[in-house]
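Asks: I am attaching a structure below and will ask some questions about it afterwards.
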Amino acid sequence: MATPLKLNNTLSRKKEIFEPLEAGFVGMYVCGPTVYNPVHLGNCRTFTSFDLIYRYLMYKGYRVRYVRNITDVGHLTDSGEDKMAKEARISKLEPMEVAAKYANDFHDMMRIFNNLNPSIEPQASGHIIEQIEMVQQIIDNGYGYEVNGSVYFDVAAYEKDMEAKGDNAPHRYGALSGRKIDELLSETRELNSQAEKKSPSDFAIWMKAKPEDLQKWKSPWGVGFPGWHLECSAMSTKYLGETFDIHGGGNDLKFPHHENEIAQNVGCCHRGGARYWLHTNMLLMNGRKMSKSDGNTVTPDQLFTGDSPHLTKGYSPMAIRFFMLQTHYSSTMDLTDEALQAAEKGYLRLMEAIRTLGKLEVSGKAQNETVGKELAEGMAAAFAEMDDDFNTPKALARVFEIVTKINALAGGQLSTDEVNPATLDRLKTDLHALIFDVLGLQDEAAGGSNAHTKALDGVMDVLLDIRQQARTDKNWGLSDQIRDALSEAGIKVKDGKEGATWSV
RNA sequence: GGUCGGGUGGCCGAGCGGCUAGGCAGUGGUCUGCAAAACCUCGUACGGCGGUUCGAUUCCGCUCCCGACCUCCA
């Protein structure tokens with residue numbers, strides 16, 4: 001650990017040095033998807049961001065427990081219907097079938113983007129008992145009240161106690177999202193249960209079920225279901241404890257979801273849950289919000305196939321992942337066809353350079369090893385950028401400076417005498433670790449070791465030998481014919497100083 | 001309307017009180033039978049108007065525009 005890991009804590013709005021509760025261990029909770037429809041591309045970006053954070057924490061040597069939930073109950077639409085139930089009704093499925101269908105879809109997409117599985121992936125409907133207990137505890141602590149079988153969180157009562165603790169109490173309601181409690185209290189909102197609540201800013205932690213509701217459980221307050229927000233408080237507490245290290249999620253969840261989560265945690269356990277909050281920013285397309293209603297949207301599958309009016313072609317999952325990595329997780333990211341093309345080329349150049357590095361041999365005969373030192377410094381700088389709030393765009397910038405040097409060594413513009421073999425080995429190890437283990441990229445063009453790729457290697461050797469003979473004989477017609485025909489077949493031939501190489 | 005975050009060269013996108021981001025595209029070269037690739041070179045950008053400062057793209061104020069949340073959405 002050359003430099004300390006710093007991260008931007010959205011709770012304090014400051015960049016802070018990360019110190020886990022228990023040395024060597026990290027507990028991280030990330031709000032997962034509500035599984036009522038196919039995964040949104042924005043979801044992919046959010047979870048890819050946390051994947052990289054997860055990977056980097058592990059690279060730093062931490063043992064990480066990464067909890068990412070699946071919400072399958074309690075999340076209501078604006079008309080007050082449960083999202084799961086609505087989809088179940090429309091598609092004539094059991095709510096659990098809806099959950100399974102879209103959870104599977106979600107997992108498939110996570111795998112395609114090479115996101116690691118979390119350590120634990122709890123589902124809200126599987127933690128009803130924990131949620132009921134939490135509601136009870138909140139009531140017992142004086143922050144919840146029951147009306148007609150529903151239970152609401154009493155924001156005013158909560159805030160009064162927090163205020164009494166002093167102005168700097170970190171868990172005052174609104175502290176995370178920058179909301180002013182007075183404004184929230186005076187806001188009038190058209191919610192279904194408005195009449196039952198003492199105040200508009202109160203929110204349901206347990207909701208009475210209507211007869212037609214499909215997902216409902218018995219509770220001390222009658223048959224009902226837990227409120228959205230509660231599942232995250234209950235499950236993070238269960239698996240990570242009343243206080244844990246990192247809580248993440250999309251920017252749009254800051255309010256009310258995360259604000260309410262903190263209130264529930266404190267309201268139940270007198271502790272606020274996470275010490276560091278991380279929020280990822282939104283994905284735009286062509287400078288505007290992705291929105292189904294005006295057609296300014298694209299699905300992950302469309303992105304792969306290119307089947308969209310917004311795209312000129314399809315892009316591979318790793319090109320897209322690389323594209324995401326070129327933007328900091330906390331910045332809005334603008335998806336455009338042009339930007340994707342640029343990212344794809346950059347990704348391919350990076351992969352090519354890593355393959356070149358694998359074949360590179362150096363002598364280290366020169367005394368000073370000047371180039372070797374630059375390579376080592378560049379690599380250290382890249383990791384230092386990762387330590388600075390997971391700054392992947394800057395880390396990649398350092399990597400591309402290394403890429404140029406690798407190519408120059410291979411092309412003869414830089415002398416291989418200037419790099420020691422040990423330095424080169426170290427570079428190979430570190431670069432692999434950063435690109436594949438931490439950033440989670442994969443070399444899509446790298447051949448496997450199966451019989452077909454071996455056979456292709458053999459065929460290519462034969463063809464390139466024939467072409468080389470033709471070139472020696474100055475038979476340009478034949479050599480160009482081979483090159484053009486291979487190009488047609490999707491194989492690029494590149495003539496280098498030490499013979500030709502090829503790539504798919 | 002309220003709260004918050006942005007507006008950077010042709011495109012995307014980092015960053016910062018004075019010193020090269022990086023990728024892609026473009027310029028001119030080197031290499032090559034040609035081409036591609038690779039390498040070298042160049043480009044002097046920070047929405048507008050003021051202010052603070054020896055000096056601001058970077059700090060402050062105002063203004064315009066965009067986005068997020070407040071209301072379903074990562």
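Please note that chains go A, B, ... in the order of the structure tokens, that every chain numbers its residues from 1, and that ligands are numbered from 1 in the order shown.
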Determine which residues of chain A sit within 8 Å of chain B, taking into account only C-alpha atoms (C1' of nucleotides), and present them as a count of residues only.
Replies: 52
Asks: Could you write out, as a PDB file with N, CA and C atoms, in the first residue's frame, all the residues of region 99-334 of chain A that DSSP marks as alpha helix (DSSP H)?
Replies:
ATOM      1  N   ALA A  99     -39.923 -12.174 -10.095  1.00  0.00           N
ATOM      2  CA  ALA A  99     -38.647 -11.936  -9.418  1.00  0.00           C
ATOM      3  C   ALA A  99     -37.559 -12.843  -9.985  1.00  0.00           C
ATOM      4  N   ALA A 100     -37.882 -14.105 -10.165  1.00  0.00           N
ATOM      5  CA  ALA A 100     -36.890 -15.058 -10.663  1.00  0.00           C
ATOM      6  C   ALA A 100     -36.475 -14.710 -12.090  1.00  0.00           C
ATOM      7  N   LYS A 101     -37.478 -14.390 -12.898  1.00  0.00           N
ATOM      8  CA  LYS A 101     -37.210 -14.071 -14.305  1.00  0.00           C
ATOM      9  C   LYS A 101     -36.233 -12.900 -14.437  1.00  0.00           C
ATOM     10  N   TYR A 102     -36.525 -11.836 -13.729  1.00  0.00           N
ATOM     11  CA  TYR A 102     -35.693 -10.649 -13.903  1.00  0.00           C
ATOM     12  C   TYR A 102     -34.418 -10.689 -13.071  1.00  0.00           C
ATOM     13  N   ALA A 103     -34.435 -11.480 -12.008  1.00  0.00           N
ATOM     14  CA  ALA A 103     -33.183 -11.669 -11.263  1.00  0.00           C
ATOM     15  C   ALA A 103     -32.209 -12.459 -12.143  1.00  0.00           C
ATOM     16  N   ASN A 104     -32.730 -13.450 -12.846  1.00  0.00           N
ATOM     17  CA  ASN A 104     -31.883 -14.223 -13.764  1.00  0.00           C
ATOM     18  C   ASN A 104     -31.349 -13.336 -14.881  1.00  0.00           C
ATOM     19  N   ASP A 105     -32.238 -12.539 -15.424  1.00  0.00           N
ATOM     20  CA  ASP A 105     -31.851 -11.609 -16.485  1.00  0.00           C
ATOM     21  C   ASP A 105     -30.736 -10.678 -15.988  1.00  0.00           C
ATOM     22  N   PHE A 106     -30.921 -10.206 -14.784  1.00  0.00           N
ATOM     23  CA  PHE A 106     -29.941  -9.321 -14.169  1.00  0.00           C
ATOM     24  C   PHE A 106     -28.587 -10.027 -13.995  1.00  0.00           C
ATOM     25  N   HIS A 107     -28.634 -11.250 -13.499  1.00  0.00           N
ATOM     26  CA  HIS A 107     -27.397 -12.006 -13.288  1.00  0.00           C
ATOM     27  C   HIS A 107     -26.678 -12.288 -14.604  1.00  0.00           C
ATOM     28  N   ASP A 108     -27.445 -12.616 -15.621  1.00  0.00           N
ATOM     29  CA  ASP A 108     -26.848 -12.864 -16.942  1.00  0.00           C
ATOM     30  C   ASP A 108     -26.080 -11.627 -17.393  1.00  0.00           C
ATOM     31  N   MET A 109     -26.717 -10.479 -17.234  1.00  0.00           N
ATOM     32  CA  MET A 109     -26.094  -9.249 -17.715  1.00  0.00           C
ATOM     33  C   MET A 109     -24.851  -8.908 -16.882  1.00  0.00           C
ATOM     34  N   MET A 110     -24.916  -9.156 -15.601  1.00  0.00           N
ATOM     35  CA  MET A 110     -23.751  -8.904 -14.743  1.00  0.00           C
ATOM     36  C   MET A 110     -22.574  -9.766 -15.209  1.00  0.00           C
ATOM     37  N   ARG A 111     -22.884 -10.997 -15.568  1.00  0.00           N
ATOM     38  CA  ARG A 111     -21.839 -11.920 -16.025  1.00  0.00           C
ATOM     39  C   ARG A 111     -21.260 -11.438 -17.359  1.00  0.00           C
ATOM     40  N   ILE A 112     -22.128 -10.987 -18.242  1.00  0.00           N
ATOM     41  CA  ILE A 112     -21.671 -10.511 -19.554  1.00  0.00           C
ATOM     42  C   ILE A 112     -20.708  -9.337 -19.383  1.00  0.00           C
ATOM     43  N   ILE A 128     -38.570 -11.142   5.764  1.00  0.00           N
ATOM     44  CA  ILE A 128     -39.752 -10.490   6.322  1.00  0.00           C
ATOM     45  C   ILE A 128     -39.674 -10.448   7.848  1.00  0.00           C
ATOM     46  N   ILE A 129     -39.215 -11.541   8.438  1.00  0.00           N
ATOM     47  CA  ILE A 129     -39.131 -11.593   9.904  1.00  0.00           C
ATOM     48  C   ILE A 129     -38.206 -10.493  10.421  1.00  0.00           C
ATOM     49  N   GLU A 130     -37.057 -10.368   9.783  1.00  0.00           N
ATOM     50  CA  GLU A 130     -36.099  -9.342  10.201  1.00  0.00           C
ATOM     51  C   GLU A 130     -36.713  -7.944  10.070  1.00  0.00           C
ATOM     52  N   GLN A 131     -37.491  -7.775   9.024  1.00  0.00           N
ATOM     53  CA  GLN A 131     -38.079  -6.457   8.797  1.00  0.00           C
ATOM     54  C   GLN A 131     -39.179  -6.167   9.817  1.00  0.00           C
ATOM     55  N   ILE A 132     -39.959  -7.188  10.149  1.00  0.00           N
ATOM     56  CA  ILE A 132     -40.997  -7.005  11.162  1.00  0.00           C
ATOM     57  C   ILE A 132     -40.356  -6.645  12.506  1.00  0.00           C
ATOM     58  N   GLU A 133     -39.265  -7.335  12.810  1.00  0.00           N
ATOM     59  CA  GLU A 133     -38.578  -7.052  14.077  1.00  0.00           C
ATOM     60  C   GLU A 133     -38.060  -5.615  14.112  1.00  0.00           C
ATOM     61  N   MET A 134     -37.598  -5.170  12.963  1.00  0.00           N
ATOM     62  CA  MET A 134     -37.063  -3.817  12.900  1.00  0.00           C
ATOM     63  C   MET A 134     -38.182  -2.789  13.083  1.00  0.00           C
ATOM     64  N   VAL A 135     -39.311  -3.046  12.465  1.00  0.00           N
ATOM     65  CA  VAL A 135     -40.458  -2.147  12.623  1.00  0.00           C
ATOM     66  C   VAL A 135     -40.841  -2.069  14.102  1.00  0.00           C
ATOM     67  N   GLN A 136     -40.883  -3.231  14.752  1.00  0.00           N
ATOM     68  CA  GLN A 136     -41.260  -3.273  16.164  1.00  0.00           C
ATOM     69  C   GLN A 136     -40.296  -2.460  17.017  1.00  0.00           C
ATOM     70  N   GLN A 137     -39.014  -2.631  16.714  1.00  0.00           N
ATOM     71  CA  GLN A 137     -37.997  -1.921  17.489  1.00  0.00           C
ATOM     72  C   GLN A 137     -38.117  -0.401  17.285  1.00  0.00           C
ATOM     73  N   ILE A 138     -38.415  -0.021  16.055  1.00  0.00           N
ATOM     74  CA  ILE A 138     -38.583   1.412  15.762  1.00  0.00           C
ATOM     75  C   ILE A 138     -39.781   1.975  16.532  1.00  0.00           C
ATOM     76  N   ILE A 139     -40.863   1.177  16.579  1.00  0.00           N
ATOM     77  CA  ILE A 139     -42.039   1.609  17.353  1.00  0.00           C
ATOM     78  C   ILE A 139     -41.676   1.728  18.837  1.00  0.00           C
ATOM     79  N   ASP A 140     -40.977   0.693  19.326  1.00  0.00           N
ATOM     80  CA  ASP A 140     -40.599   0.680  20.749  1.00  0.00           C
ATOM     81  C   ASP A 140     -39.722   1.880  21.102  1.00  0.00           C
ATOM     82  N   VAL A 155     -40.911  11.070  11.311  1.00  0.00           N
ATOM     83  CA  VAL A 155     -39.724  11.863  11.010  1.00  0.00           C
ATOM     84  C   VAL A 155     -39.541  13.000  12.016  1.00  0.00           C
ATOM     85  N   ALA A 156     -40.628  13.623  12.398  1.00  0.00           N
ATOM     86  CA  ALA A 156     -40.531  14.761  13.329  1.00  0.00           C
ATOM     87  C   ALA A 156     -39.985  14.307  14.686  1.00  0.00           C
ATOM     88  N   ALA A 157     -40.475  13.173  15.185  1.00  0.00           N
ATOM     89  CA  ALA A 157     -40.010  12.664  16.475  1.00  0.00           C
ATOM     90  C   ALA A 157     -38.533  12.307  16.394  1.00  0.00           C
ATOM     91  N   TYR A 158     -38.180  11.705  15.271  1.00  0.00           N
ATOM     92  CA  TYR A 158     -36.779  11.317  15.051  1.00  0.00           C
ATOM     93  C   TYR A 158     -35.886  12.551  15.029  1.00  0.00           C
ATOM     94  N   GLU A 159     -36.298  13.515  14.231  1.00  0.00           N
ATOM     95  CA  GLU A 159     -35.492  14.719  14.055  1.00  0.00           C
ATOM     96  C   GLU A 159     -35.338  15.489  15.377  1.00  0.00           C
ATOM     97  N   LYS A 160     -36.385  15.450  16.172  1.00  0.00           N
ATOM     98  CA  LYS A 160     -36.323  16.152  17.459  1.00  0.00           C
ATOM     99  C   LYS A 160     -35.203  15.578  18.318  1.00  0.00           C
ATOM    100  N   ASP A 161     -35.103  14.264  18.339  1.00  0.00           N
ATOM    101  CA  ASP A 161     -34.052  13.616  19.127  1.00  0.00           C
ATOM    102  C   ASP A 161     -32.674  13.868  18.533  1.00  0.00           C
ATOM    103  N   MET A 162     -32.608  13.851  17.221  1.00  0.00           N
ATOM    104  CA  MET A 162     -31.318  14.089  16.583  1.00  0.00           C
ATOM    105  C   MET A 162     -30.849  15.517  16.845  1.00  0.00           C
ATOM    106  N   GLU A 163     -31.801  16.413  16.773  1.00  0.00           N
ATOM    107  CA  GLU A 163     -31.488  17.823  17.004  1.00  0.00           C
ATOM    108  C   GLU A 163     -30.975  18.023  18.423  1.00  0.00           C
ATOM    109  N   ALA A 164     -31.581  17.304  19.347  1.00  0.00           N
ATOM    110  CA  ALA A 164     -31.187  17.420  20.745  1.00  0.00           C
ATOM    111  C   ALA A 164     -29.747  16.968  20.955  1.00  0.00           C
ATOM    112  N   ILE A 181     -35.294  19.900   6.757  1.00  0.00           N
ATOM    113  CA  ILE A 181     -36.460  19.242   7.338  1.00  0.00           C
ATOM    114  C   ILE A 181     -37.702  20.117   7.273  1.00  0.00           C
ATOM    115  N   ASP A 182     -37.533  21.419   7.462  1.00  0.00           N
ATOM    116  CA  ASP A 182     -38.696  22.314   7.427  1.00  0.00           C
ATOM    117  C   ASP A 182     -39.374  22.275   6.068  1.00  0.00           C
ATOM    118  N   GLU A 183     -38.546  22.259   5.039  1.00  0.00           N
ATOM    119  CA  GLU A 183     -39.119  22.237   3.691  1.00  0.00           C
ATOM    120  C   GLU A 183     -39.829  20.925   3.422  1.00  0.00           C
ATOM    121  N   LEU A 184     -39.223  19.854   3.910  1.00  0.00           N
ATOM    122  CA  LEU A 184     -39.853  18.560   3.717  1.00  0.00           C
ATOM    123  C   LEU A 184     -41.189  18.502   4.426  1.00  0.00           C
ATOM    124  N   LEU A 185     -41.231  19.088   5.611  1.00  0.00           N
ATOM    125  CA  LEU A 185     -42.468  19.045   6.383  1.00  0.00           C
ATOM    126  C   LEU A 185     -43.567  19.852   5.721  1.00  0.00           C
ATOM    127  N   SER A 186     -43.174  20.923   5.046  1.00  0.00           N
ATOM    128  CA  SER A 186     -44.198  21.778   4.467  1.00  0.00           C
ATOM    129  C   SER A 186     -44.621  21.327   3.067  1.00  0.00           C
ATOM    130  N   LEU A 230     -37.039  -0.303   3.911  1.00  0.00           N
ATOM    131  CA  LEU A 230     -36.803  -1.081   5.124  1.00  0.00           C
ATOM    132  C   LEU A 230     -35.922  -2.303   4.858  1.00  0.00           C
ATOM    133  N   GLU A 231     -36.089  -2.911   3.697  1.00  0.00           N
ATOM    134  CA  GLU A 231     -35.344  -4.143   3.424  1.00  0.00           C
ATOM    135  C   GLU A 231     -33.834  -3.902   3.485  1.00  0.00           C
ATOM    136  N   CYS A 232     -33.412  -2.755   3.000  1.00  0.00           N
ATOM    137  CA  CYS A 232     -31.971  -2.481   2.996  1.00  0.00           C
ATOM    138  C   CYS A 232     -31.441  -2.268   4.404  1.00  0.00           C
ATOM    139  N   SER A 233     -32.230  -1.587   5.240  1.00  0.00           N
ATOM    140  CA  SER A 233     -31.814  -1.393   6.631  1.00  0.00           C
ATOM    141  C   SER A 233     -31.725  -2.738   7.339  1.00  0.00           C
ATOM    142  N   ALA A 234     -32.725  -3.563   7.139  1.00  0.00           N
ATOM    143  CA  ALA A 234     -32.785  -4.845   7.847  1.00  0.00           C
ATOM    144  C   ALA A 234     -31.675  -5.783   7.381  1.00  0.00           C
ATOM    145  N   MET A 235     -31.456  -5.840   6.074  1.00  0.00           N
ATOM    146  CA  MET A 235     -30.501  -6.817   5.554  1.00  0.00           C
ATOM    147  C   MET A 235     -29.052  -6.361   5.741  1.00  0.00           C
ATOM    148  N   SER A 236     -28.826  -5.051   5.654  1.00  0.00           N
ATOM    149  CA  SER A 236     -27.451  -4.590   5.892  1.00  0.00           C
ATOM    150  C   SER A 236     -27.087  -4.819   7.362  1.00  0.00           C
ATOM    151  N   THR A 237     -28.044  -4.586   8.242  1.00  0.00           N
ATOM    152  CA  THR A 237     -27.805  -4.814   9.671  1.00  0.00           C
ATOM    153  C   THR A 237     -27.551  -6.292   9.945  1.00  0.00           C
ATOM    154  N   LYS A 238     -28.358  -7.137   9.298  1.00  0.00           N
ATOM    155  CA  LYS A 238     -28.219  -8.567   9.539  1.00  0.00           C
ATOM    156  C   LYS A 238     -26.859  -9.100   9.086  1.00  0.00           C
ATOM    157  N   TYR A 239     -26.420  -8.686   7.910  1.00  0.00           N
ATOM    158  CA  TYR A 239     -25.217  -9.305   7.352  1.00  0.00           C
ATOM    159  C   TYR A 239     -23.936  -8.515   7.597  1.00  0.00           C
ATOM    160  N   LEU A 240     -24.070  -7.225   7.911  1.00  0.00           N
ATOM    161  CA  LEU A 240     -22.856  -6.422   8.095  1.00  0.00           C
ATOM    162  C   LEU A 240     -22.772  -5.790   9.478  1.00  0.00           C
ATOM    163  N   GLU A 259     -31.719   8.229   2.666  1.00  0.00           N
ATOM    164  CA  GLU A 259     -32.020   9.080   3.823  1.00  0.00           C
ATOM    165  C   GLU A 259     -32.897   8.312   4.809  1.00  0.00           C
ATOM    166  N   ASN A 260     -33.879   7.621   4.266  1.00  0.00           N
ATOM    167  CA  ASN A 260     -34.788   6.856   5.127  1.00  0.00           C
ATOM    168  C   ASN A 260     -34.095   5.645   5.739  1.00  0.00           C
ATOM    169  N   GLU A 261     -33.190   5.089   4.966  1.00  0.00           N
ATOM    170  CA  GLU A 261     -32.440   3.945   5.473  1.00  0.00           C
ATOM    171  C   GLU A 261     -31.665   4.321   6.736  1.00  0.00           C
ATOM    172  N   ILE A 262     -31.004   5.464   6.667  1.00  0.00           N
ATOM    173  CA  ILE A 262     -30.232   5.925   7.827  1.00  0.00           C
ATOM    174  C   ILE A 262     -31.163   6.148   9.015  1.00  0.00           C
ATOM    175  N   ALA A 263     -32.289   6.793   8.748  1.00  0.00           N
ATOM    176  CA  ALA A 263     -33.254   7.068   9.825  1.00  0.00           C
ATOM    177  C   ALA A 263     -33.750   5.756  10.448  1.00  0.00           C
ATOM    178  N   GLN A 264     -33.977   4.767   9.612  1.00  0.00           N
ATOM    179  CA  GLN A 264     -34.447   3.470  10.119  1.00  0.00           C
ATOM    180  C   GLN A 264     -33.366   2.788  10.948  1.00  0.00           C
ATOM    181  N   ASN A 265     -32.148   2.847  10.464  1.00  0.00           N
ATOM    182  CA  ASN A 265     -31.050   2.217  11.205  1.00  0.00           C
ATOM    183  C   ASN A 265     -30.885   2.862  12.571  1.00  0.00           C
ATOM    184  N   VAL A 266     -30.862   4.185  12.571  1.00  0.00           N
ATOM    185  CA  VAL A 266     -30.696   4.897  13.833  1.00  0.00           C
ATOM    186  C   VAL A 266     -31.941   4.704  14.694  1.00  0.00           C
ATOM    187  N   GLY A 267     -33.082   4.768  14.052  1.00  0.00           N
ATOM    188  CA  GLY A 267     -34.346   4.617  14.767  1.00  0.00           C
ATOM    189  C   GLY A 267     -34.469   3.257  15.431  1.00  0.00           C
ATOM    190  N   CYS A 268     -33.854   2.265  14.841  1.00  0.00           N
ATOM    191  CA  CYS A 268     -33.924   0.909  15.384  1.00  0.00           C
ATOM    192  C   CYS A 268     -32.776   0.618  16.337  1.00  0.00           C
ATOM    193  N   CYS A 269     -31.580   0.942  15.881  1.00  0.00           N
ATOM    194  CA  CYS A 269     -30.379   0.463  16.592  1.00  0.00           C
ATOM    195  C   CYS A 269     -29.534   1.579  17.199  1.00  0.00           C
ATOM    196  N   PRO A 300     -29.140  -2.901 -23.042  1.00  0.00           N
ATOM    197  CA  PRO A 300     -27.828  -3.539 -23.194  1.00  0.00           C
ATOM    198  C   PRO A 300     -27.767  -4.421 -24.440  1.00  0.00           C
ATOM    199  N   ASP A 301     -28.819  -5.175 -24.678  1.00  0.00           N
ATOM    200  CA  ASP A 301     -28.813  -6.062 -25.851  1.00  0.00           C
ATOM    201  C   ASP A 301     -28.706  -5.287 -27.156  1.00  0.00           C
ATOM    202  N   GLN A 302     -29.409  -4.166 -27.234  1.00  0.00           N
ATOM    203  CA  GLN A 302     -29.321  -3.331 -28.434  1.00  0.00           C
ATOM    204  C   GLN A 302     -27.902  -2.806 -28.611  1.00  0.00           C
ATOM    205  N   LEU A 303     -27.273  -2.514 -27.496  1.00  0.00           N
ATOM    206  CA  LEU A 303     -25.908  -2.022 -27.545  1.00  0.00           C
ATOM    207  C   LEU A 303     -24.972  -3.085 -28.120  1.00  0.00           C
ATOM    208  N   PHE A 304     -25.233  -4.334 -27.782  1.00  0.00           N
ATOM    209  CA  PHE A 304     -24.389  -5.426 -28.277  1.00  0.00           C
ATOM    210  C   PHE A 304     -24.627  -5.670 -29.770  1.00  0.00           C
ATOM    211  N   THR A 305     -25.889  -5.603 -30.164  1.00  0.00           N
ATOM    212  CA  THR A 305     -26.221  -5.949 -31.552  1.00  0.00           C
ATOM    213  C   THR A 305     -26.148  -4.739 -32.480  1.00  0.00           C
ATOM    214  N   PRO A 317     -19.279  -6.236 -24.994  1.00  0.00           N
ATOM    215  CA  PRO A 317     -19.404  -5.911 -23.572  1.00  0.00           C
ATOM    216  C   PRO A 317     -18.139  -5.295 -22.991  1.00  0.00           C
ATOM    217  N   MET A 318     -16.980  -5.769 -23.415  1.00  0.00           N
ATOM    218  CA  MET A 318     -15.741  -5.230 -22.837  1.00  0.00           C
ATOM    219  C   MET A 318     -15.427  -3.837 -23.367  1.00  0.00           C
ATOM    220  N   ALA A 319     -15.807  -3.574 -24.620  1.00  0.00           N
ATOM    221  CA  ALA A 319     -15.638  -2.217 -25.138  1.00  0.00           C
ATOM    222  C   ALA A 319     -16.514  -1.268 -24.322  1.00  0.00           C
ATOM    223  N   ILE A 320     -17.698  -1.737 -23.960  1.00  0.00           N
ATOM    224  CA  ILE A 320     -18.617  -0.910 -23.177  1.00  0.00           C
ATOM    225  C   ILE A 320     -18.097  -0.739 -21.750  1.00  0.00           C
ATOM    226  N   ARG A 321     -17.563  -1.811 -21.205  1.00  0.00           N
ATOM    227  CA  ARG A 321     -16.994  -1.717 -19.856  1.00  0.00           C
ATOM    228  C   ARG A 321     -15.825  -0.722 -19.846  1.00  0.00           C
ATOM    229  N   PHE A 322     -14.989  -0.820 -20.872  1.00  0.00           N
ATOM    230  CA  PHE A 322     -13.869   0.119 -20.994  1.00  0.00           C
ATOM    231  C   PHE A 322     -14.394   1.553 -21.082  1.00  0.00           C
ATOM    232  N   PHE A 323     -15.428   1.717 -21.862  1.00  0.00           N
ATOM    233  CA  PHE A 323     -16.069   3.033 -22.007  1.00  0.00           C
ATOM    234  C   PHE A 323     -16.513   3.565 -20.645  1.00  0.00           C
ATOM    235  N   MET A 324     -17.110   2.691 -19.847  1.00  0.00           N
ATOM    236  CA  MET A 324     -17.554   3.107 -18.510  1.00  0.00           C
ATOM    237  C   MET A 324     -16.365   3.505 -17.643  1.00  0.00           C
ATOM    238  N   LEU A 325     -15.267   2.753 -17.770  1.00  0.00           N
ATOM    239  CA  LEU A 325     -14.095   3.011 -16.940  1.00  0.00           C
ATOM    240  C   LEU A 325     -13.417   4.320 -17.293  1.00  0.00           C
TER     241      LEU A 325
END
Asks: Work out how far apart CA of Arg55 (chain A) and CA of His229 (chain A) are and give it in Å to one decimal.
Replies: 26.7 Å
